Structure formats: C-alpha cells, structure tokens
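Participant: The file below is structure-v2.csv, CSV, C-alpha atoms and all ligand atoms:
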```csv
chain,number,residue,atom,x,y,z
A,1,MET,CA,25.4,16.9,-29.5
A,2,GLN,CA,28.8,18.0,-30.6
A,3,ALA,CA,29.0,15.2,-33.3
A,4,LYS,CA,25.5,16.3,-34.5
A,5,ALA,CA,26.7,19.9,-34.9
A,6,ARG,CA,29.4,18.7,-37.3
A,7,GLN,CA,27.0,16.9,-39.5
A,8,VAL,CA,26.5,18.3,-43.0
A,9,ALA,CA,22.9,18.7,-44.0
A,10,VAL,CA,22.4,17.1,-47.4
A,11,ALA,CA,19.6,16.7,-49.9
A,12,VAL,CA,19.7,14.1,-52.7
A,13,ALA,CA,18.1,14.9,-56.1
A,14,GLY,CA,17.1,11.9,-58.3
A,15,ALA,CA,15.8,8.9,-56.5
A,16,GLY,CA,16.3,6.3,-59.3
A,17,TYR,CA,18.6,3.4,-59.5
A,18,TRP,CA,21.8,5.1,-58.3
A,19,GLY,CA,20.2,7.9,-56.2
A,20,THR,CA,18.7,5.3,-53.8
A,21,ASN,CA,22.3,4.1,-53.1
A,22,LEU,CA,23.3,7.7,-52.3
A,23,ILE,CA,20.2,8.2,-50.1
A,24,ARG,CA,21.1,5.0,-48.1
A,25,ASN,CA,24.7,6.1,-47.6
A,26,PHE,CA,23.9,9.7,-46.7
A,27,ALA,CA,21.3,8.5,-44.2
A,28,ALA,CA,23.8,6.1,-42.7
A,29,CYS,CA,26.9,8.4,-42.6
A,30,THR,CA,27.6,9.9,-39.2
A,31,LYS,CA,29.1,13.0,-40.8
A,32,THR,CA,25.9,13.8,-42.7
A,33,ARG,CA,22.2,14.4,-42.0
A,34,LEU,CA,19.9,13.6,-44.9
A,35,VAL,CA,17.1,16.3,-44.7
A,36,ALA,CA,15.3,16.1,-48.1
A,37,VAL,CA,15.1,13.9,-51.2
A,38,CYS,CA,13.8,15.3,-54.5
A,39,ASP,CA,12.4,13.5,-57.6
A,40,ILE,CA,10.0,14.7,-60.2
A,41,ASP,CA,8.4,11.3,-60.2
A,42,GLY,CA,6.1,11.2,-57.2
A,43,ALA,CA,5.9,7.4,-57.0
A,44,ARG,CA,9.7,6.9,-57.0
A,45,LEU,CA,10.0,9.7,-54.4
A,46,SER,CA,7.5,8.1,-52.0
A,47,LYS,CA,9.2,4.7,-52.4
A,48,ALA,CA,12.7,6.1,-51.8
A,49,CYS,CA,11.6,8.1,-48.7
A,50,ALA,CA,9.5,5.3,-47.1
A,51,ALA,CA,12.3,4.1,-44.9
A,52,TYR,CA,13.3,7.6,-43.7
A,53,PRO,CA,10.4,9.3,-41.9
A,54,SER,CA,12.4,12.4,-41.0
A,55,VAL,CA,13.4,13.1,-44.6
A,56,GLU,CA,11.2,15.5,-46.5
A,57,PRO,CA,10.1,14.4,-50.0
A,58,VAL,CA,10.2,17.2,-52.5
A,59,GLN,CA,9.1,17.2,-56.1
A,60,GLU,CA,10.6,20.5,-57.3
A,61,PHE,CA,14.4,20.9,-57.4
A,62,GLU,CA,14.1,24.7,-57.0
A,63,SER,CA,12.3,24.3,-53.6
A,64,LEU,CA,15.3,22.3,-52.3
A,65,LEU,CA,17.5,25.2,-53.2
A,66,ARG,CA,15.4,27.7,-51.3
A,67,ARG,CA,15.8,25.7,-48.0
A,68,SER,CA,18.3,27.4,-45.8
A,69,ASP,CA,18.9,24.2,-43.8
A,70,VAL,CA,20.3,22.4,-46.9
A,71,GLU,CA,24.1,22.9,-47.1
A,72,ALA,CA,24.9,20.4,-49.9
A,73,VAL,CA,23.1,18.7,-52.8
A,74,ALA,CA,23.9,15.4,-54.3
A,75,ILE,CA,22.6,15.1,-57.9
A,76,ALA,CA,21.8,11.7,-59.4
A,77,THR,CA,19.5,12.7,-62.3
A,78,PRO,CA,20.0,11.9,-66.0
A,79,VAL,CA,23.3,13.1,-67.5
A,80,ARG,CA,21.8,16.0,-69.6
A,81,THR,CA,20.5,17.6,-66.4
A,82,HIS,CA,23.8,17.5,-64.5
A,83,ALA,CA,25.1,20.9,-65.6
A,84,PRO,CA,21.8,22.9,-65.3
A,85,LEU,CA,20.9,21.5,-61.9
A,86,GLY,CA,24.5,21.6,-60.6
A,87,LEU,CA,24.8,25.3,-61.7
A,88,ALA,CA,21.5,26.2,-60.1
A,89,ALA,CA,22.6,24.6,-56.8
A,90,LEU,CA,26.0,26.3,-56.8
A,91,ASP,CA,24.3,29.7,-57.6
A,92,ALA,CA,22.1,29.0,-54.6
A,93,GLY,CA,25.2,28.6,-52.4
A,94,LYS,CA,25.0,24.8,-52.0
A,95,HIS,CA,28.0,22.5,-52.1
A,96,VAL,CA,27.5,19.9,-54.9
A,97,LEU,CA,28.2,16.2,-55.4
A,98,LEU,CA,27.4,15.3,-59.0
A,99,GLU,CA,27.0,11.9,-60.5
A,100,LYS,CA,29.4,10.8,-63.2
A,101,PRO,CA,30.0,12.1,-65.8
A,102,LEU,CA,30.2,15.6,-64.4
A,103,ALA,CA,28.3,17.0,-67.5
A,104,ASP,CA,27.4,16.1,-71.0
A,105,SER,CA,29.7,18.7,-72.6
A,106,VAL,CA,33.1,20.3,-71.9
A,107,GLY,CA,31.4,23.7,-71.7
A,108,GLY,CA,29.0,22.4,-69.1
A,109,ALA,CA,31.7,20.8,-67.0
A,110,GLN,CA,33.9,24.0,-67.3
A,111,ALA,CA,31.0,26.2,-66.2
A,112,LEU,CA,30.4,24.0,-63.1
A,113,VAL,CA,34.1,24.2,-62.2
A,114,ASN,CA,34.1,28.0,-62.6
A,115,ALA,CA,30.9,28.5,-60.6
A,116,ALA,CA,32.2,26.4,-57.7
A,117,ARG,CA,35.5,28.4,-57.7
A,118,GLN,CA,33.7,31.8,-57.8
A,119,ASN,CA,31.3,30.9,-55.1
A,120,HIS,CA,34.0,29.2,-52.9
A,121,LEU,CA,31.9,26.0,-52.8
A,122,LYS,CA,32.9,22.3,-53.0
A,123,LEU,CA,32.2,20.5,-56.3
A,124,MET,CA,32.8,16.8,-56.3
A,125,VAL,CA,32.0,14.2,-58.9
A,126,ASP,CA,31.0,10.6,-58.0
A,127,HIS,CA,33.9,8.7,-59.6
A,128,THR,CA,32.9,5.8,-57.4
A,129,PHE,CA,35.8,3.4,-58.1
A,130,ILE,CA,38.4,5.8,-56.8
A,131,PHE,CA,37.0,5.2,-53.3
A,132,GLY,CA,37.2,1.4,-53.6
A,133,ALA,CA,40.1,-0.6,-52.0
A,134,PRO,CA,41.3,-2.1,-55.3
A,135,VAL,CA,41.9,1.2,-57.0
A,136,ARG,CA,43.4,2.7,-53.8
A,137,ARG,CA,45.8,-0.2,-53.7
A,138,MET,CA,46.7,0.0,-57.4
A,139,LYS,CA,47.6,3.7,-56.9
A,140,THR,CA,49.9,2.9,-53.9
A,141,LEU,CA,51.6,0.1,-55.9
A,142,LEU,CA,52.1,2.4,-59.0
A,143,ASP,CA,53.4,5.3,-56.9
A,144,SER,CA,55.8,3.1,-55.0
A,145,GLY,CA,57.6,2.2,-58.3
A,146,GLU,CA,56.9,-1.5,-57.8
A,147,ILE,CA,55.2,-1.8,-61.2
A,148,GLY,CA,58.0,0.1,-63.0
A,149,GLU,CA,57.6,2.0,-66.3
A,150,LEU,CA,54.1,1.6,-67.6
A,151,TYR,CA,53.6,-0.1,-71.0
A,152,PHE,CA,49.8,-0.4,-71.4
A,153,ILE,CA,46.4,-0.2,-69.7
A,154,ASP,CA,43.7,-2.5,-70.9
A,155,SER,CA,40.1,-2.3,-69.6
A,156,VAL,CA,37.0,-4.2,-70.5
A,157,ARG,CA,33.6,-3.2,-69.1
A,158,ILE,CA,30.9,-5.2,-70.9
A,159,ASN,CA,27.5,-6.7,-70.1
A,160,LEU,CA,23.9,-6.6,-71.1
A,161,GLY,CA,23.6,-3.0,-70.0
A,162,LEU,CA,20.9,-0.8,-68.5
A,163,PHE,CA,20.2,1.4,-71.5
A,164,GLN,CA,20.4,5.1,-70.9
A,165,HIS,CA,18.2,7.2,-73.2
A,166,ASP,CA,20.2,10.5,-73.1
A,167,VAL,CA,23.8,9.2,-73.5
A,168,ASN,CA,25.6,6.4,-75.3
A,169,VAL,CA,27.6,3.6,-73.8
A,170,VAL,CA,30.8,5.8,-73.9
A,171,TRP,CA,29.3,8.5,-71.7
A,172,ASP,CA,27.6,5.9,-69.5
A,173,LEU,CA,30.3,3.3,-68.8
A,174,ALA,CA,33.7,4.8,-69.9
A,175,PRO,CA,33.7,7.5,-67.1
A,176,HIS,CA,34.5,4.6,-64.7
A,177,ASP,CA,37.6,3.4,-66.6
A,178,LEU,CA,38.7,7.0,-67.6
A,179,SER,CA,38.4,8.2,-64.0
A,180,ILE,CA,40.5,5.2,-62.7
A,181,ILE,CA,43.1,5.9,-65.4
A,182,ASP,CA,43.1,9.7,-64.6
A,183,HIS,CA,43.5,8.9,-60.9
A,184,LEU,CA,46.4,6.4,-61.4
A,185,LEU,CA,48.3,8.5,-63.9
A,186,GLY,CA,47.4,12.1,-63.0
A,187,ARG,CA,47.7,13.3,-66.6
A,188,LEU,CA,45.6,13.6,-69.7
A,189,PRO,CA,46.4,11.5,-72.8
A,190,ALA,CA,47.9,13.4,-75.7
A,191,SER,CA,45.3,12.1,-78.1
A,192,VAL,CA,42.2,9.8,-78.3
A,193,SER,CA,40.6,7.8,-81.0
A,194,ALA,CA,37.5,5.8,-80.8
A,195,CYS,CA,35.1,3.6,-82.8
A,196,GLY,CA,31.6,2.8,-82.0
A,197,ALA,CA,28.4,1.3,-83.4
A,198,CYS,CA,24.7,1.6,-82.9
A,199,HIS,CA,22.4,-1.4,-83.0
A,200,THR,CA,19.5,-0.9,-80.6
A,201,ASP,CA,18.8,2.8,-81.1
A,202,ARG,CA,20.0,3.7,-84.6
A,203,GLN,CA,17.3,6.4,-84.9
A,204,HIS,CA,19.0,8.5,-82.2
A,205,ALA,CA,22.5,7.3,-83.1
A,206,ILE,CA,23.1,6.0,-79.5
A,207,GLU,CA,26.3,3.8,-79.7
A,208,ASP,CA,25.9,0.6,-77.6
A,209,VAL,CA,29.4,-0.8,-78.4
A,210,ALA,CA,32.6,1.2,-78.4
A,211,HIS,CA,36.4,0.9,-78.3
A,212,LEU,CA,38.6,3.8,-77.1
A,213,ASN,CA,42.3,4.2,-77.5
A,214,LEU,CA,44.2,6.8,-75.4
A,215,ASP,CA,47.8,7.6,-76.5
A,216,PHE,CA,49.9,9.2,-73.7
A,217,GLY,CA,52.6,10.2,-76.2
A,218,ASP,CA,55.4,8.3,-74.4
A,219,GLY,CA,54.8,4.7,-75.4
A,220,LEU,CA,52.0,4.3,-72.9
A,221,MET,CA,48.6,3.3,-74.5
A,222,ALA,CA,45.3,2.7,-72.8
A,223,SER,CA,42.4,0.9,-74.4
A,224,CYS,CA,38.8,0.7,-73.1
A,225,HIS,CA,36.1,-1.5,-74.4
A,226,VAL,CA,32.6,-0.6,-73.3
A,227,ASN,CA,29.5,-2.5,-74.4
A,228,TRP,CA,25.9,-2.8,-73.5
A,229,LEU,CA,25.2,-5.9,-75.6
A,230,SER,CA,27.6,-8.5,-74.3
A,231,PRO,CA,25.9,-11.7,-73.0
A,232,VAL,CA,28.5,-12.0,-70.3
A,233,LYS,CA,29.6,-9.5,-67.7
A,234,ILE,CA,33.3,-8.7,-67.7
A,235,ARG,CA,35.1,-6.1,-65.5
A,236,HIS,CA,38.8,-6.5,-66.2
A,237,PHE,CA,41.4,-3.7,-65.8
A,238,ILE,CA,45.1,-4.6,-66.5
A,239,VAL,CA,48.1,-2.4,-66.0
A,240,GLY,CA,51.3,-3.7,-67.6
A,241,GLY,CA,54.6,-2.4,-66.4
A,242,ASN,CA,58.2,-3.3,-67.1
A,243,LYS,CA,58.7,-4.7,-63.6
A,244,LYS,CA,55.3,-6.1,-62.7
A,245,SER,CA,51.7,-6.1,-63.8
A,246,LEU,CA,48.3,-5.6,-62.1
A,247,VAL,CA,45.1,-7.4,-62.9
A,248,TYR,CA,42.0,-6.0,-61.3
A,249,ASN,CA,38.8,-8.1,-61.7
A,250,ASP,CA,36.0,-6.4,-60.0
A,251,LEU,CA,33.7,-9.4,-60.3
A,252,GLU,CA,36.0,-11.6,-58.2
A,253,PRO,CA,34.4,-11.9,-54.7
A,254,ALA,CA,37.7,-12.1,-52.7
A,255,GLU,CA,40.9,-11.7,-54.7
A,256,LYS,CA,39.9,-8.7,-56.8
A,257,LEU,CA,43.5,-7.5,-57.4
A,258,LYS,CA,46.5,-9.6,-58.4
A,259,VAL,CA,50.1,-8.6,-58.8
A,260,TYR,CA,52.0,-10.6,-61.4
A,261,ASP,CA,55.8,-10.7,-61.3
A,262,ARG,CA,55.7,-11.8,-64.9
A,263,GLY,CA,57.0,-10.2,-68.1
A,264,ILE,CA,59.8,-10.3,-70.7
A,265,THR,CA,63.5,-9.6,-70.2
A,266,ILE,CA,65.4,-8.2,-73.2
A,267,SER,CA,68.9,-9.6,-73.5
A,268,GLN,CA,71.7,-7.0,-73.3
A,269,ASP,CA,74.2,-9.5,-74.7
A,270,GLU,CA,75.1,-8.8,-78.4
A,271,ASP,CA,75.5,-12.5,-79.3
A,272,ALA,CA,72.3,-13.5,-77.6
A,273,ARG,CA,70.5,-10.6,-79.3
A,274,ARG,CA,71.3,-12.0,-82.7
A,275,GLY,CA,69.4,-15.1,-81.6
A,276,VAL,CA,66.7,-15.0,-79.0
A,277,LEU,CA,66.0,-11.4,-78.2
A,278,VAL,CA,63.6,-11.9,-75.3
A,279,SER,CA,63.2,-14.3,-72.5
A,280,TYR,CA,60.1,-14.8,-70.3
A,281,ARG,CA,60.2,-14.1,-66.6
A,282,THR,CA,57.6,-16.0,-64.6
A,283,GLY,CA,57.7,-15.1,-60.9
A,284,ASP,CA,55.1,-15.0,-58.1
A,285,VAL,CA,51.5,-14.0,-58.4
A,286,TRP,CA,50.0,-12.5,-55.2
A,287,SER,CA,46.8,-10.9,-54.1
A,288,PRO,CA,47.0,-8.1,-51.6
A,289,HIS,CA,44.6,-8.1,-48.7
A,290,LEU,CA,41.9,-5.5,-49.4
A,291,GLU,CA,39.4,-3.9,-47.0
A,292,GLN,CA,35.8,-5.0,-47.8
A,293,SER,CA,33.8,-1.8,-47.7
A,294,GLU,CA,31.3,-0.1,-50.0
A,295,PRO,CA,33.1,2.6,-52.0
A,296,LEU,CA,30.1,4.9,-51.8
A,297,ARG,CA,30.3,4.8,-48.0
A,298,SER,CA,33.8,6.3,-48.1
A,299,LEU,CA,32.8,8.7,-50.9
A,300,VAL,CA,29.9,10.4,-49.0
A,301,ARG,CA,32.1,10.6,-45.8
A,302,HIS,CA,34.9,12.2,-47.9
A,303,PHE,CA,32.4,14.8,-49.4
A,304,ALA,CA,31.2,15.7,-45.8
A,305,GLU,CA,34.8,16.0,-44.5
A,306,CYS,CA,35.9,18.2,-47.5
A,307,ILE,CA,33.0,20.6,-46.7
A,308,ARG,CA,33.7,20.7,-42.9
A,309,ASP,CA,37.5,20.9,-43.1
A,310,ASP,CA,37.6,23.1,-46.3
A,311,ARG,CA,39.6,20.4,-48.2
A,312,THR,CA,39.7,19.8,-52.0
A,313,PRO,CA,37.9,16.6,-52.9
A,314,LEU,CA,39.9,13.7,-54.3
A,315,THR,CA,37.5,13.7,-57.3
A,316,ASP,CA,37.0,17.4,-57.6
A,317,GLY,CA,35.4,19.3,-60.5
A,318,GLU,CA,38.8,19.4,-62.3
A,319,ALA,CA,39.0,15.6,-62.3
A,320,GLY,CA,35.4,15.5,-63.6
A,321,LEU,CA,36.3,18.0,-66.3
A,322,ARG,CA,39.4,16.0,-67.4
A,323,VAL,CA,37.2,12.9,-67.9
A,324,VAL,CA,34.6,14.9,-69.8
A,325,ARG,CA,37.3,16.2,-72.1
A,326,ILE,CA,38.3,12.6,-73.0
A,327,LEU,CA,34.7,11.6,-73.4
A,328,ASP,CA,34.1,14.5,-75.7
A,329,ALA,CA,37.2,13.7,-77.8
A,330,ALA,CA,36.1,10.1,-78.0
A,331,GLN,CA,32.6,11.1,-79.2
A,332,ARG,CA,34.0,13.4,-81.9
A,333,SER,CA,36.4,10.6,-83.0
A,334,ILE,CA,33.5,8.1,-83.3
A,335,LYS,CA,31.5,10.5,-85.5
A,336,ALA,CA,34.7,11.0,-87.6
A,337,GLN,CA,35.2,7.3,-88.2
A,338,GLY,CA,38.0,6.9,-85.6
A,339,GLU,CA,40.0,10.0,-86.5
A,340,ARG,CA,42.6,10.7,-83.7
A,341,MET,CA,41.7,13.8,-81.7
A,342,THR,CA,44.4,15.7,-79.8
A,343,LEU,CA,43.7,17.0,-76.3
A,401,LIG,N1,28.5,6.1,-60.0
A,401,LIG,C1,28.0,5.0,-60.5
A,401,LIG,O1,28.5,3.9,-60.4
A,401,LIG,C2,26.7,5.2,-61.2
A,401,LIG,C3,25.9,4.0,-61.5
A,401,LIG,C4,24.7,4.2,-62.2
A,401,LIG,C5,24.3,5.5,-62.6
A,401,LIG,N2,25.1,6.6,-62.2
A,401,LIG,C6,24.7,7.9,-62.6
A,401,LIG,O2,23.5,8.3,-61.9
A,401,LIG,C7,22.7,9.2,-62.6
A,401,LIG,C8,21.3,8.6,-62.6
A,401,LIG,O3,21.3,7.3,-63.2
A,401,LIG,P1,20.2,6.2,-62.8
A,401,LIG,O4,20.6,5.0,-63.5
A,401,LIG,O5,20.0,6.3,-61.4
A,401,LIG,O6,18.9,6.8,-63.6
A,401,LIG,P2,17.4,6.7,-63.2
A,401,LIG,O7,16.6,7.0,-64.4
A,401,LIG,O8,17.2,5.3,-62.5
A,401,LIG,O9,17.1,7.8,-62.1
A,401,LIG,C9,17.1,9.2,-62.4
A,401,LIG,C10,16.0,9.8,-61.5
A,401,LIG,O10,16.1,11.2,-61.7
A,401,LIG,C11,14.8,11.8,-61.7
A,401,LIG,N3,14.9,13.1,-62.3
A,401,LIG,C12,15.0,13.5,-63.6
A,401,LIG,N4,15.0,14.8,-63.7
A,401,LIG,C13,14.9,15.3,-62.5
A,401,LIG,C14,14.9,16.6,-62.0
A,401,LIG,N5,15.0,17.7,-62.8
A,401,LIG,N6,14.8,16.8,-60.6
A,401,LIG,C15,14.6,15.8,-59.8
A,401,LIG,N7,14.6,14.5,-60.2
A,401,LIG,C16,14.8,14.3,-61.5
A,401,LIG,C17,14.0,10.7,-62.4
A,401,LIG,O11,12.6,10.9,-62.2
A,401,LIG,C18,14.6,9.4,-61.9
A,401,LIG,O12,13.9,8.9,-60.8
A,401,LIG,C19,23.3,9.3,-64.0
A,401,LIG,O13,24.1,10.4,-64.1
A,401,LIG,C20,24.2,8.1,-64.1
A,401,LIG,O14,25.4,8.3,-64.9
A,401,LIG,C21,26.2,6.4,-61.6
```
Let me see the file written as structure tokens.
Ligand SMILES: NC(=O)c1ccc[n+]([C@@H]2O[C@H](COP(=O)([O-])OP(=O)(O)OC[C@H]3O[C@@H](n4cnc5c(N)ncnc54)[C@H](O)[C@@H]3O)[C@@H](O)[C@H]2O)c1
Facilitator:
Amino acid sequence: MQAKARQVAVAVAGAGYWGTNLIRNFAACTKTRLVAVCDIDGARLSKACAAYPSVEPVQEFESLLRRSDVEAVAIATPVRTHAPLGLAALDAGKHVLLEKPLADSVGGAQALVNAARQNHLKLMVDHTFIFGAPVRRMKTLLDSGEIGELYFIDSVRINLGLFQHDVNVVWDLAPHDLSIIDHLLGRLPASVSACGACHTDRQHAIEDVAHLNLDFGDGLMASCHVNWLSPVKIRHFIVGGNKKSLVYNDLEPAEKLKVYDRGITISQDEDARRGVLVSYRTGDVWSPHLEQSEPLRSLVRHFAECIRDDRTPLTDGEAGLRVVRILDAAQRSIKAQGERMTL
C-alpha cells in the first residue's frame, strides 16, 4: 500500500512509434501508475491500450488535463506540437516529460522553461541516450581526467531513416548527438556552422542529409553527420583526448564502448623536433563492462523520482533549451549556406 502511495499518476499523449515505448515503460515502472493514454488517432489509441485494461483511452488532450488524478503528462507527439501541448499541460498544473527536441523553436523552448519555473513544476526532456550505460560511463571517464584535454568529438548517425514530415533530419536525429555532447561537456559551443541538402522533399525544403560543426572556441571541435538516406546504419561517437580516446558504437551488441590508449606524442627535444615532430603511441584498448538495461526504463524512473523527491531532472528544460539553441543556429546556418552562427 505504501509503495502504491508513492506512485506518480502519469498519462502519455501520442501513441505512435516512440509513445508506445513510453507507455510500456510507464506501465512497468514501480514508481509510476499509468492512468490514461491519449491519441487523436482512434485506431492507434485502441491498439496501444489493448494490453492495459486499467488504462483509459482518451482522444482529446484537453480532457487529460482536466483529470485531477493525472499528476504528470509525457508527450510523444510530432515536434511542432511539443510547445503548445507542453505549455497547456504546465498551465493545468501537470509535470511534463517532453520528447526530444524540447520544442521546434528557441522561443517555444524558453516559454516551456519559464512556465515550469513559474508553476513550480518539473519539466524534463527525453534525451534518451543520457540514461544509457555507454554515455554514463563516458561521462565518468571524462570527469575523472583519464581522457585528458579534449581535441575533437566526431559523431555519425546515418541510416535509411523514418521520414518526419514536420522537421528535417537535423531536428530529428541531431538532438541525440547534441544532447550527449551537452551532457559530456556541460557547456554550449561558441559557434555553429552547418550544411544540408534536400533530396526527397524539395518542395517543403526538408533537409535529409546534414553536417554540423560546433566550435567550442578553445581548440575543441565537434562534428555531427546526420542522414536519412544512407544505405547502411552507422552510430559512431568518437571523443579524442590528449591522453586517451573513446569510441562508442551503439550498434555493437556487447562492447559498445572502447577506450583507446592511442595517440601522438610531440617531442620536446629540440634536435628531434627538427626531424620527426611526432611519434605514435599505441597502447591498450579495453572495453568497460556496461550494465545491460533499456535507457528509457531509467529515464521514466528518474522522472518519477524527481517529482516525488522535488529534484531537478538530469535532462531538465534548460538542457532541452540548450540543444534547441544549437539546432536553431544550425538551421539558420544551413539556410545561409554554411555561415557560422555565434551562440
Ligand atoms: N527519444 C527517442 O529516441 C525518440 C525516437 C523516436 C521519436 N522520438 C520523438 O517522439 C515524438 C513522436 O515521434 P514518433 O516517431 O513516435 O511519431 P508518430 O507519428 O509515430 O507518433 C505521433 C503520434 O502522436 C499523435 N498525435 C498527434 N497530435 C496529437 C495531439 N494533439 N494529441 C494527441 N496525439 C497526437 C499521432 O496521432 C501519432 O499517433 C517526436 O517528438 C520524436 O522526435 C523520440
């Protein structure tokens, strides 16, 4: 009975591809009680609720908000609806978990952050990878100093993608890489430039291939390649440091993260420097043991704990806003043929 009393009553809005994953995890989590699911599409709604007889299917988002037994709403609807639905939920006194990206504009994301603050409610964004064991381990290794001074971050997230109709490939895929970078570094880049091209939906100018370059102003550069047209699926994330480097391959079934004790050593010897300036260091490669668990499982649990214990979520509205600011700068740069945008 006591455990039940601590459960947070949650409703999920949007029962599509990703919403069904949220529904499954909220239904399974011992810290939450899934009370309702909402989707404007009746057929999707019935299918999503079929396995959960105690969950009420609701077609109107507003009727969810009128329910006094709903404490928190998780929103997995198309990106353009994130800000209006999120704001309506916060205004109705509900804690909100929003899908990535937090909003489709800086103004929308800022309005959500402000509304959560004014109403003393939790606002969290689903930056899923932050709750996965590989990113958690990368963060520990970076913070311990084992990787040393960072030289570069290089990420590739390409495959034949699920086309989104309201956002381009940057707003769809890059939030994953940008949220990982934001979590690892804890700071915004000084400037961003990006190039992109439209092949499939030229009429609506929806870019399906894009390259982003983030300059942190101190020699550290990050590049992200996102692509919905690649015949092969690649999920590589490399962090290069002056001591060691990290290679994260999310498609590896077992050894997703590898630590390379490899790099260059610059000679301090004046005579040697006139000849060979650098020598190569090839040390060990090892793969840390990582807990095998679904990131979304930890994420929904964390959301419930933040509400119950009045804690700030790891991926709070501010984190979502920082990612949206980078996406917005990248979008403006694409439209200006790669012009560098300061943040
Ligand atoms: N975190 C991740 O790894 C991840 C992965 C995929 C998608 N997403 C995000 O999830 C969100 C949804 O993406 P998807 O691929 O599931 O899309 P989808 O089209 O499969 O599902 C969206 C659902 O929202 C419903 N909907 C639309 N407007 C609504 C409204 N006003 N009220 C209630 N329901 C409404 C639609 O009927 C549909 O069923 C997007 O924001 C996307 O960026 C996140």
Participant: Ranking A:Val96, A:Leu64, A:Met138, A:Val35 by minimum distance to Phe303 in chain A and counting all atoms listed in the file, which one comes first?
Facilitator: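 Among the listed residues, the smallest separation from Phe303 in chain A belongs to A:Val96.
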Participant: My list of candidates is A:Pro313, A:Gly108, A:Gly320, A:Pro134. Which is closest to His95 in chain A when distances are computed with all atoms listed in the file?
Facilitator: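 Residue with the minimum atom-to-atom distance to His95 in chain A: A:Pro313.
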Participant: Check every protein, DNA and RNA residue against ligand LIG 401 (chain A), keep those with an atom at most 7 Å away (counting only C-alpha atoms and all ligand atoms), and present them as an MDAnalysis selection string.
Facilitator: chainID A and resid 13:19 38:41 44 59:61 76:79 81 99:101 126:128 172
Participant: Between A:Gln292, A:Gln337, A:Ser191, A:Ser105, which has the minimum distance to Ala222 in chain A (counting all atoms listed in the file)?
Facilitator: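 Ranking A:Gln292, A:Gln337, A:Ser191, A:Ser105 by distance to Ala222 in chain A, first place goes to A:Ser191.
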Participant: Could you check the closest approach to Ile206 in chain A for each of A:Ala174, A:Leu102, A:Ile334, A:Cys306 and tell me which residue wins, using all atoms listed in the file?
Facilitator: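 Distance minimum relative to Ile206 in chain A lands on A:Ile334.
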Participant: In Å to one decimal, how far is CA of Ala103 in chain A from CA of Asp316 in chain A?
Facilitator: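 So the two atoms, CA of Asp316 in chain A and CA of Ala103 in chain A, lie 13.2 Å apart.
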Participant: Report, in Å to a single decimal, how far apart CA of Gln7 in chain A and CA of Thr32 in chain A are.
Facilitator: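 Atom-to-atom, CA of Thr32 in chain A to CA of Gln7 in chain A, that is 4.6 Å.
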Participant: Expressed in Å to a single decimal, how great is the separation between CA of Tyr52 in chain A and CA of Arg301 in chain A?
Facilitator: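 It comes out at 19.2 Å.
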Participant: For Thr312 in chain A, list every protein, DNA or RNA residue within 9 Å, evaluated using only C-alpha atoms, and leave out those in the same chain fewer than 3 positions away; present the list as a PDB file with C-alpha atoms, in the frame of the given file.
Facilitator:
```
ATOM      1  CA  LYS A 122      32.900  22.300 -53.000  1.00  0.00           C
ATOM      2  CA  LEU A 123      32.200  20.500 -56.300  1.00  0.00           C
ATOM      3  CA  MET A 124      32.800  16.800 -56.300  1.00  0.00           C
ATOM      4  CA  CYS A 306      35.900  18.200 -47.500  1.00  0.00           C
ATOM      5  CA  ILE A 307      33.000  20.600 -46.700  1.00  0.00           C
ATOM      6  CA  THR A 315      37.500  13.700 -57.300  1.00  0.00           C
ATOM      7  CA  ASP A 316      37.000  17.400 -57.600  1.00  0.00           C
TER       8      ASP A 316
END
```
Participant: Around the point (20.0, 21.8, -48.8) (coordinates from the file), which residues reach within 9 Å if we count all atoms listed in the file? Answer as a VMD selection string.
Facilitator: chain A and resid 9 to 12 35 to 36 64 to 73 89 94 to 95
Participant: Return the single residue from A:Val8, A:Cys224, A:Val323, A:Leu299 that is closest to Asn25 in chain A, with distances computed using all atoms listed in the file.
Facilitator: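 Residue with the minimum atom-to-atom distance to Asn25 in chain A: A:Leu299.
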Participant: Nearest to Leu321 in chain A: which of A:Gln164, A:Asn114, A:Gln268, A:Asn227 is it, counting only C-alpha atoms?
Facilitator: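 Nearest to Leu321 in chain A: A:Asn114.
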Participant: Mind completing range 13-23 of chain A with N, CA, C and O atoms? Output as a compact mmCIF listing (two decimals), keeping the file's coordinate frame, please?
Facilitator:
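Below you can see result18.txt, which holds the result:
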```
# COMPACT_ATOMS: atom_id res chain seq x y z
N ALA A 13 19.02 14.71 -54.98
CA ALA A 13 18.10 14.90 -56.10
C ALA A 13 18.23 13.75 -57.06
O ALA A 13 19.35 13.46 -57.51
N GLY A 14 17.12 13.09 -57.39
CA GLY A 14 17.10 11.90 -58.30
C GLY A 14 17.11 10.66 -57.40
O GLY A 14 18.12 10.30 -56.80
N ALA A 15 15.93 10.05 -57.32
CA ALA A 15 15.80 8.90 -56.50
C ALA A 15 15.57 7.62 -57.31
O ALA A 15 14.71 6.79 -57.03
N GLY A 16 16.37 7.50 -58.38
CA GLY A 16 16.30 6.30 -59.30
C GLY A 16 17.23 5.24 -58.82
O GLY A 16 17.53 5.10 -57.63
N TYR A 17 17.76 4.50 -59.79
CA TYR A 17 18.60 3.40 -59.50
C TYR A 17 19.83 3.77 -58.64
O TYR A 17 20.07 3.21 -57.57
N TRP A 18 20.59 4.77 -59.06
CA TRP A 18 21.80 5.10 -58.30
C TRP A 18 21.49 6.05 -57.14
O TRP A 18 22.13 5.98 -56.08
N GLY A 19 20.50 6.94 -57.32
CA GLY A 19 20.20 7.90 -56.20
C GLY A 19 19.79 7.16 -54.95
O GLY A 19 20.11 7.64 -53.86
N THR A 20 19.13 6.00 -55.06
CA THR A 20 18.70 5.30 -53.80
C THR A 20 19.99 4.80 -53.08
O THR A 20 19.97 4.71 -51.85
N ASN A 21 21.06 4.51 -53.79
CA ASN A 21 22.30 4.10 -53.10
C ASN A 21 22.91 5.35 -52.37
O ASN A 21 23.44 5.22 -51.26
N LEU A 22 22.81 6.52 -52.99
CA LEU A 22 23.30 7.70 -52.30
C LEU A 22 22.45 8.03 -51.09
O LEU A 22 22.98 8.36 -50.02
N ILE A 23 21.12 7.90 -51.23
CA ILE A 23 20.20 8.20 -50.10
C ILE A 23 20.57 7.26 -48.93
O ILE A 23 20.73 7.72 -47.79
```
